[in-house]
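Q: Submitted below is the structure of interest, expressed as structure tokens.
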Amino acid sequence: MKVLAERKHIALVAHDNEKPELLDWARFNRETLSRHILFATGTTGELLSKELGLPVTRFFSGPLGGDQQIGAAIAGGTLDMLIFFWDALEPQPHDPDIKALLRLAVLYNIPTACNRSTADFIISSPLMGQEYARPTPELERYVAQRSPLE
């Protein structure tokens, strides 16, 4: 179990065609977001910071490794939630990174929204403003065993 504090660490990501939707969602939820610690990939973080007037820790742009940085932060236990408005109709040159990021979000059992409706349900949950004991996966069985030849 990992106990998430009342103040969550939230990663916000949006593909180019989805940035206006994420900005609109974030404006609507500014008060709630202001009570948490925000992270975002490159341009999305810059837009959110300017639009909301809130501090946003920025990773690299997604295609330059930002998705991988967020994935590493999830695996390292420093991010609690992922809001990723991704463009399901537009091919992305860094699609393998996106799939890896979403796989890590599922693997580490963090709340993940890939569209506005899901983001609305997550952010309006009573669990957003309180501690939450998030079950963590039992990954020990996947750790590579030492080779019998060693």
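In the structure tokens, each chain is lettered A, B, ... as it comes, each chain's residues begin at 1, and ligands are numbered from 1 in order of appearance.
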Might you pull out every residue within 9 Å of Trp25 in chain A, with only C-alpha atoms counted and same-chain residues fewer than 5 positions away left off, and present them as a list in words?
A: Pro20, Arg30, Arg116, Ala119 and Asp120 of chain A
Q: Quick one: everything within 9 Å of Thr32 in chain A, counting only C-alpha atoms, minus sequence neighbours fewer than 4 positions away in the same chain. Send it as a list in words.
A: His36, Ile123, Ser124, Met128 and Gly129 of chain A
Q: Can you pull out the residues contacting Thr118 in chain A? Cut-off 12 Å, using only C-alpha atoms, and skip same-chain residues under 3 positions away; I want them as a list in words.
A: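 Counting only the stated atoms, we get Trp25, Leu82, Ile83, Phe84, Phe85, Pro111, Thr112, Ala113, Cys114, Asn115, Phe121, Ile122, Ile123, Ser124 and Ser125 of chain A.
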Q: Using the chain letters and numbers from this document, which residues of chain A does DSSP assign to strand (DSSP E or B), as a list in words?
A: Lys2, Val3, Leu4, His9, Ile10, Ala11, Leu12, Val13, Ala14, Ile37, Leu38, Phe39, Ala40, Val56, Thr57, Arg58, Met81, Leu82, Ile83, Phe84, Phe85, Thr112, Ala113, Tyr132, Ala133 and Arg134 of chain A
Q: Using only C-alpha atoms, determine which residues lie at most 10 Å from range 86-100 of chain A, disregarding the query and same-chain residues fewer than 6 positions distant; provide the list as a count of residues only.
A: 21
Q: What's around Lys2 in chain A at 12 Å? Count only C-alpha atoms, leave out sequence neighbours fewer than 5 positions away in its own chain, and write the answer as an mmCIF file with C-alpha atoms, in the first residue's frame.
A:
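To be explicit, this is the file written out as result_23.cif:
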data_model
loop_
_atom_site.group_PDB
_atom_site.id
_atom_site.type_symbol
_atom_site.label_atom_id
_atom_site.label_comp_id
_atom_site.auth_asym_id
_atom_site.auth_seq_id
_atom_site.Cartn_x
_atom_site.Cartn_y
_atom_site.Cartn_z
ATOM 1 C CA GLY A 76 9.519 5.960 -8.744
ATOM 2 C CA GLY A 77 6.381 6.692 -6.736
ATOM 3 C CA THR A 78 6.498 10.491 -7.054
ATOM 4 C CA LEU A 79 3.331 10.927 -9.147
ATOM 5 C CA ASP A 80 -0.101 9.977 -7.862
ATOM 6 C CA TYR A 108 1.454 1.034 -10.710
ATOM 7 C CA ASN A 109 -2.291 1.431 -10.178
ATOM 8 C CA ILE A 110 -2.502 5.207 -10.369
ATOM 9 C CA GLU A 131 -5.540 10.512 2.223
ATOM 10 C CA TYR A 132 -5.979 7.354 0.213
ATOM 11 C CA ALA A 133 -4.287 4.012 0.709
ATOM 12 C CA ARG A 134 -3.646 2.977 -2.890
ATOM 13 C CA PRO A 135 -3.017 -0.723 -3.323
ATOM 14 C CA THR A 136 0.330 -1.268 -4.989
ATOM 15 C CA PRO A 137 1.067 -4.182 -7.265
#
Q: Step one, run DSSP on the backbone; step two, keep only residues of range 27-116 of chain A assigned to helix (DSSP H, G or I); then write them as a PyMOL selection string.
A: chain A and resi 27-28+30-33+42-52+62-64+66-75+95-107+116
Q: Could you write out that same residue set with N, CA and C atoms as a CSV table (one decimal), in the first residue's frame?
A:
chain,number,residue,atom,x,y,z
A,27,ARG,N,-9.2,25.1,-16.4
A,27,ARG,CA,-9.8,26.3,-16.0
A,27,ARG,C,-11.0,26.1,-15.1
A,28,PHE,N,-11.9,25.1,-15.6
A,28,PHE,CA,-13.1,24.8,-14.8
A,28,PHE,C,-12.7,24.2,-13.5
A,30,ARG,N,-9.8,24.8,-11.7
A,30,ARG,CA,-8.7,25.5,-11.2
A,30,ARG,C,-8.6,25.4,-9.7
A,31,GLU,N,-9.8,25.7,-9.0
A,31,GLU,CA,-9.8,25.7,-7.5
A,31,GLU,C,-9.3,24.4,-7.0
A,32,THR,N,-9.8,23.3,-7.5
A,32,THR,CA,-9.4,22.0,-7.0
A,32,THR,C,-7.9,21.7,-7.3
A,33,LEU,N,-7.5,22.0,-8.6
A,33,LEU,CA,-6.1,21.8,-9.0
A,33,LEU,C,-5.2,22.6,-8.1
A,42,GLY,N,6.3,19.6,-21.5
A,42,GLY,CA,6.7,20.9,-22.0
A,42,GLY,C,5.7,22.0,-22.3
A,43,THR,N,5.2,22.0,-23.5
A,43,THR,CA,4.3,23.1,-23.9
A,43,THR,C,3.0,23.1,-23.0
A,44,THR,N,2.5,21.9,-22.7
A,44,THR,CA,1.3,21.8,-21.9
A,44,THR,C,1.5,22.5,-20.6
A,45,GLY,N,2.6,22.3,-20.0
A,45,GLY,CA,2.9,22.9,-18.7
A,45,GLY,C,3.0,24.4,-18.8
A,46,GLU,N,3.6,24.9,-19.8
A,46,GLU,CA,3.8,26.3,-20.0
A,46,GLU,C,2.4,26.9,-20.2
A,47,LEU,N,1.5,26.3,-21.0
A,47,LEU,CA,0.2,26.8,-21.2
A,47,LEU,C,-0.6,26.8,-19.9
A,48,LEU,N,-0.6,25.7,-19.2
A,48,LEU,CA,-1.3,25.6,-17.9
A,48,LEU,C,-0.9,26.6,-16.9
A,49,SER,N,0.4,26.8,-16.8
A,49,SER,CA,1.0,27.8,-15.8
A,49,SER,C,0.5,29.2,-16.1
A,50,LYS,N,0.5,29.6,-17.4
A,50,LYS,CA,0.1,30.9,-17.8
A,50,LYS,C,-1.4,31.0,-17.6
A,51,GLU,N,-2.2,30.0,-18.0
A,51,GLU,CA,-3.6,30.1,-18.0
A,51,GLU,C,-4.2,30.1,-16.6
A,52,LEU,N,-3.6,29.3,-15.7
A,52,LEU,CA,-4.1,29.1,-14.4
A,52,LEU,C,-3.5,30.0,-13.3
A,62,GLY,N,6.7,15.9,-24.8
A,62,GLY,CA,6.5,14.4,-25.0
A,62,GLY,C,7.4,13.8,-26.0
A,63,PRO,N,7.5,14.3,-27.2
A,63,PRO,CA,8.4,13.7,-28.2
A,63,PRO,C,9.9,13.7,-27.8
A,64,LEU,N,10.2,14.6,-26.9
A,64,LEU,CA,11.6,14.7,-26.5
A,64,LEU,C,12.0,14.0,-25.2
A,66,GLY,N,9.5,13.6,-22.5
A,66,GLY,CA,8.7,14.0,-21.4
A,66,GLY,C,7.8,12.8,-20.9
A,67,ASP,N,7.2,12.1,-21.9
A,67,ASP,CA,6.4,10.9,-21.5
A,67,ASP,C,7.2,9.9,-20.7
A,68,GLN,N,8.4,9.7,-21.1
A,68,GLN,CA,9.3,8.8,-20.4
A,68,GLN,C,9.6,9.3,-19.0
A,69,GLN,N,9.8,10.6,-18.9
A,69,GLN,CA,10.1,11.2,-17.6
A,69,GLN,C,8.9,11.0,-16.7
A,70,ILE,N,7.7,11.2,-17.2
A,70,ILE,CA,6.5,11.0,-16.4
A,70,ILE,C,6.4,9.5,-16.0
A,71,GLY,N,6.7,8.6,-16.9
A,71,GLY,CA,6.6,7.2,-16.6
A,71,GLY,C,7.6,6.9,-15.5
A,72,ALA,N,8.8,7.4,-15.6
A,72,ALA,CA,9.8,7.2,-14.5
A,72,ALA,C,9.4,7.7,-13.2
A,73,ALA,N,8.7,8.9,-13.2
A,73,ALA,CA,8.2,9.4,-11.9
A,73,ALA,C,7.1,8.6,-11.4
A,74,ILE,N,6.3,8.0,-12.2
A,74,ILE,CA,5.2,7.1,-11.8
A,74,ILE,C,5.9,5.8,-11.1
A,75,ALA,N,6.8,5.2,-11.9
A,75,ALA,CA,7.5,4.0,-11.3
A,75,ALA,C,8.3,4.3,-10.1
A,95,ASP,N,4.5,7.3,-30.4
A,95,ASP,CA,3.5,6.4,-29.9
A,95,ASP,C,4.0,5.3,-28.9
A,96,PRO,N,5.2,4.7,-29.2
A,96,PRO,CA,5.7,3.7,-28.2
A,96,PRO,C,5.9,4.3,-26.8
A,97,ASP,N,6.3,5.6,-26.8
A,97,ASP,CA,6.5,6.2,-25.4
A,97,ASP,C,5.1,6.4,-24.7
A,98,ILE,N,4.1,6.7,-25.5
A,98,ILE,CA,2.8,6.9,-25.0
A,98,ILE,C,2.2,5.6,-24.4
A,99,LYS,N,2.4,4.6,-25.2
A,99,LYS,CA,1.9,3.3,-24.7
A,99,LYS,C,2.7,2.8,-23.5
A,100,ALA,N,4.0,3.1,-23.4
A,100,ALA,CA,4.8,2.7,-22.3
A,100,ALA,C,4.3,3.5,-21.0
A,101,LEU,N,4.0,4.8,-21.2
A,101,LEU,CA,3.5,5.6,-20.1
A,101,LEU,C,2.2,5.1,-19.6
A,102,LEU,N,1.2,4.8,-20.5
A,102,LEU,CA,-0.1,4.3,-20.0
A,102,LEU,C,0.1,2.9,-19.4
A,103,ARG,N,1.0,2.1,-19.9
A,103,ARG,CA,1.2,0.8,-19.3
A,103,ARG,C,1.7,0.9,-17.8
A,104,LEU,N,2.6,1.9,-17.6
A,104,LEU,CA,3.2,2.1,-16.3
A,104,LEU,C,2.1,2.6,-15.3
A,105,ALA,N,1.2,3.5,-15.9
A,105,ALA,CA,0.1,4.0,-15.0
A,105,ALA,C,-0.8,2.9,-14.6
A,106,VAL,N,-1.1,2.0,-15.5
A,106,VAL,CA,-1.9,0.8,-15.1
A,106,VAL,C,-1.1,-0.1,-14.1
A,107,LEU,N,0.1,-0.4,-14.5
A,107,LEU,CA,0.9,-1.3,-13.7
A,107,LEU,C,1.1,-0.8,-12.2
A,116,ARG,N,-12.0,13.7,-21.0
A,116,ARG,CA,-12.6,14.7,-20.1
A,116,ARG,C,-13.6,14.1,-19.1
Q: Report the distance between CA of Leu12 in chain A and CA of Leu54 in chain A in Å, rounded to one decimal place.
A: 13.0 Å
Q: Do you have the CA of Arg35 in chain A-CA of Arg7 in chain A distance handy?
A: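 CA of Arg35 in chain A sits 6.4 Å away from CA of Arg7 in chain A.
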